[in-house]
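Q: Here it is, the structure, as structure tokens.
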Amino acid sequence: MSAVVLGAALLMTGCSSSDGGDGTDEPADAGAGITQQPKEKAPFWVNPDGTAAQQVADLEKSGKKQEAEQIRKIAEQPVAEWVGPDDPQQQTRGFTEAADKAGRTALLVLYNIPHRDCGQYSQGGAADGDAYRDWVDGVAAGIGDRPATVVLEPDALLHLVDGCTPEQFHEERYDLLKGAVTKLKSLKNTKVYLDAGNAGWQNPDQIFEPLNRAGIAQADGFSVNVSNFYSTEDSIAYGKRLSAKVGGKHFVIDTSRNGKGPYTDGKPDERWCNPPGRSLGETPTTKTADPLVDAYLWVKRPGESDGECKGGPKAGQWWADYALKLAKATG
């Protein structure tokens, strides 16, 4: 089984939209000139001031036009905003207001569950259950009635199943996830997808009951392949098998870096971590190959490290060289 380690990019708010909500696509900043994707293709918000956009602007200022155009492949696509631990209300208000002003939907990832990532590269999370509930309340208050799509706690259920998270924390985690689903679904325009692993699990029998206990019945569906590299075809097959076990729920697929499928060399337990030779996958869209798949999303932010392996920086930090290689390998 392939571990999934994720890095939360702790972005600050105050982001501006790129079209002012009037239907035009004039850039709102004087940097990379990033605009929104056509709404009918990808209704999700493109952050014109994101890390990739800043990299494009810096490269252009340095006269590195070819490299800038490569990184633009990342910067011009809607990618998820990972909500950090501090002042979640301000963060989510900033993201959703900017998205709403642009006539788009904010794509958010909540990744702050207590005992996160079992002490691995992306360890951390809320101090305890009460702190997590307060944090989710802040997230919900910041979203309000504005449109948002939320991927809820990547890895949280898998690490219960694979034994990584100690047994004494299991019941609390189920309760926290179910409570988060309930809170977020009480909002007027928020969709919620519980994370459900990846095609490397092959058989969904181990994960469907945990999904039930975590509140999948109330959620809009589940997410697969977050921060991993399995092909879209394999991810659809895995998701459909799992969907059949949880009441026909729909799902979303992280296609951010799966253009060449999973890495098969090196140590099996580290193939997921900054693997070489990968490429960007299908760009975000709601026009998918199967009616059960609500969207292809870029949940993991291409160009951000999986962790301190293969020469990478800390999880979630921008790695310019890796980003460039991903983009260049993409047709």
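For the structure tokens, the naming scheme is as follows: chains receive sequential letters (A, B, ...) according to their order of presentation, residues are indexed from 1 within each chain, and ligands are indexed from 1 in presentation order.
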Within 8 Å of range 44-59 of chain A, counting only C-alpha atoms, which residues qualify if same-chain residues fewer than 2 places away don't, as a ChimeraX atom specification?
A: /A:15-18,27-29,31-37,39,42,61-65,67-69,71-72,74-79,99,102,104-107,303,318,320
Q: Pull the strand (DSSP E or B) assignments for range 60-130 of chain A out of DSSP run on the backbone, and list those residues as a list in words.
A: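 Here are the strand (DSSP E or B) residues of range 60-130 of chain A: Val79, Glu81, Trp82, Val83, Thr105, Ala106, Leu107, Leu108, Val109, Leu110, Arg116 and Gly124 of chain A.
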Q: Give the answer as one residue: which of A:Gly311, A:Gly84, A:Gly221, A:Gly247 has the shortest atom-to-atom distance to Pro276 in chain A, using only C-alpha atoms?
A: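 Ranking A:Gly311, A:Gly84, A:Gly221, A:Gly247 by distance to Pro276 in chain A, first place goes to A:Gly311.
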Q: Pick out the closest residue to Asp290 in chain A from this set: A:Thr330, A:Gln70, A:Ser235, A:Thr264. Count only C-alpha atoms.
A: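 Closest to Asp290 in chain A of all the choices is A:Ser235.
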Q: Counting only C-alpha atoms, what is within 12 Å of Asp134 in chain A, bar same-chain residues fewer than 3 positions away, as a list in words?
A: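 Everything that qualifies: Pro85, Asp86, Asp87, Pro88, Gln89, Asn112, Ile113, Ala126, Ala127, Asp128, Gly129, Asp130, Ala131, Asp137, Gly138, Val139, Ala140, Ala141, Leu176, Gly179, Ala180 and Lys183 of chain A.
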Q: Tell me, as a list in words, which residues lie within 8 Å of Leu242 in chain A, counting only C-alpha atoms; anything in the same chain fewer than 2 positions away does not count.
A: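 Surrounding residues, per the criterion: Pro204, Asp205, Phe208, Tyr238, Gly239, Lys240, Ala244, Lys245 and Val246 of chain A.
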Q: Just to be explicit: take each residue in the selection above, keep N, CA and C atoms, and write the result as a PDB file, in the first residue's frame.
A:
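Contents of the output file selection_3.pdb:
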ATOM      1  N   PRO A 204     -11.746  -1.941  -2.107  1.00  0.00           N
ATOM      2  CA  PRO A 204     -12.324  -0.940  -1.211  1.00  0.00           C
ATOM      3  C   PRO A 204     -12.972  -1.518   0.047  1.00  0.00           C
ATOM      4  N   ASP A 205     -12.883  -2.818   0.259  1.00  0.00           N
ATOM      5  CA  ASP A 205     -13.561  -3.422   1.405  1.00  0.00           C
ATOM      6  C   ASP A 205     -13.079  -2.872   2.739  1.00  0.00           C
ATOM      7  N   PHE A 208     -14.790   1.186   3.099  1.00  0.00           N
ATOM      8  CA  PHE A 208     -16.172   1.632   2.961  1.00  0.00           C
ATOM      9  C   PHE A 208     -16.878   1.763   4.307  1.00  0.00           C
ATOM     10  N   TYR A 238     -11.412   2.271  -9.230  1.00  0.00           N
ATOM     11  CA  TYR A 238     -11.413   2.150  -7.769  1.00  0.00           C
ATOM     12  C   TYR A 238     -12.612   2.879  -7.171  1.00  0.00           C
ATOM     13  N   GLY A 239     -12.853   4.103  -7.627  1.00  0.00           N
ATOM     14  CA  GLY A 239     -13.952   4.894  -7.103  1.00  0.00           C
ATOM     15  C   GLY A 239     -15.305   4.263  -7.361  1.00  0.00           C
ATOM     16  N   LYS A 240     -15.482   3.657  -8.519  1.00  0.00           N
ATOM     17  CA  LYS A 240     -16.772   3.031  -8.831  1.00  0.00           C
ATOM     18  C   LYS A 240     -17.026   1.801  -7.960  1.00  0.00           C
ATOM     19  N   ALA A 244     -20.169   1.750  -5.119  1.00  0.00           N
ATOM     20  CA  ALA A 244     -21.196   0.705  -5.042  1.00  0.00           C
ATOM     21  C   ALA A 244     -21.423   0.222  -3.617  1.00  0.00           C
ATOM     22  N   LYS A 245     -20.440   0.444  -2.749  1.00  0.00           N
ATOM     23  CA  LYS A 245     -20.535  -0.006  -1.359  1.00  0.00           C
ATOM     24  C   LYS A 245     -21.015   1.082  -0.409  1.00  0.00           C
ATOM     25  N   VAL A 246     -21.123   2.308  -0.900  1.00  0.00           N
ATOM     26  CA  VAL A 246     -21.564   3.409  -0.038  1.00  0.00           C
ATOM     27  C   VAL A 246     -22.748   4.150  -0.666  1.00  0.00           C
TER      28      VAL A 246
END
Q: How many Å separate CA of Tyr322 in chain A from CA of Ala156 in chain A?
A: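 Here the two named atoms are 26.6 Å from each other.
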Q: Enumerate, as a PyMOL selection string, the complete set of residues in range 3-186 of chain A that a backbone-based DSSP assignment places in alpha helix (DSSP H).
A: chain A and resi 51-61+65-75+88-101+129-143+158-161+170-185
Q: Please measure the separation of CA of Thr92 in chain A and CA of Lys185 in chain A, giving the value in Å to one decimal.
A: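 Rounded to one decimal, the two atoms are 15.5 Å apart.
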Q: Env of Asp117 in chain A: 8 Å cut, atoms = only C-alpha atoms, seq-sep filter 5 positions within chain, self excluded. Answer as a list in words.
A: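 Here the qualifying residues turn out to be Val5, Ser122, Gln123, Gly124, Asp155, Ala156 and His159 of chain A.
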Q: I'd like the interatomic distance between CA of Glu209 in chain A and CA of Leu158 in chain A, to a tenth of an Å.
A: 11.5 Å
Q: Measuring atom to atom with only C-alpha atoms, identify which of A:Cys164, A:Leu108, A:Ala295, A:Leu280 is nearest to Ala329 in chain A.
A: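 Among the listed residues, the smallest separation from Ala329 in chain A belongs to A:Leu280.
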Q: Pick from A:Glu172, A:Lys325, A:Pro154, A:Asp265: nearest to Ser279 in chain A, with only C-alpha atoms counted?
A: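 Using only C-alpha atoms, Ser279 in chain A sits closest to A:Lys325.
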Q: When distances are computed from only C-alpha atoms, which of A:Glu40, A:Asp306, A:Leu160, A:Glu97 shows the smallest separation from Glu270 in chain A?
A: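 Looking only at the distances to Glu270 in chain A, the closest residue turns out to be A:Asp306.
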Q: Closest to Gly248 in chain A among A:Leu184, A:Ala219, A:Val192, A:Val161, using only C-alpha atoms?
A: A:Ala219
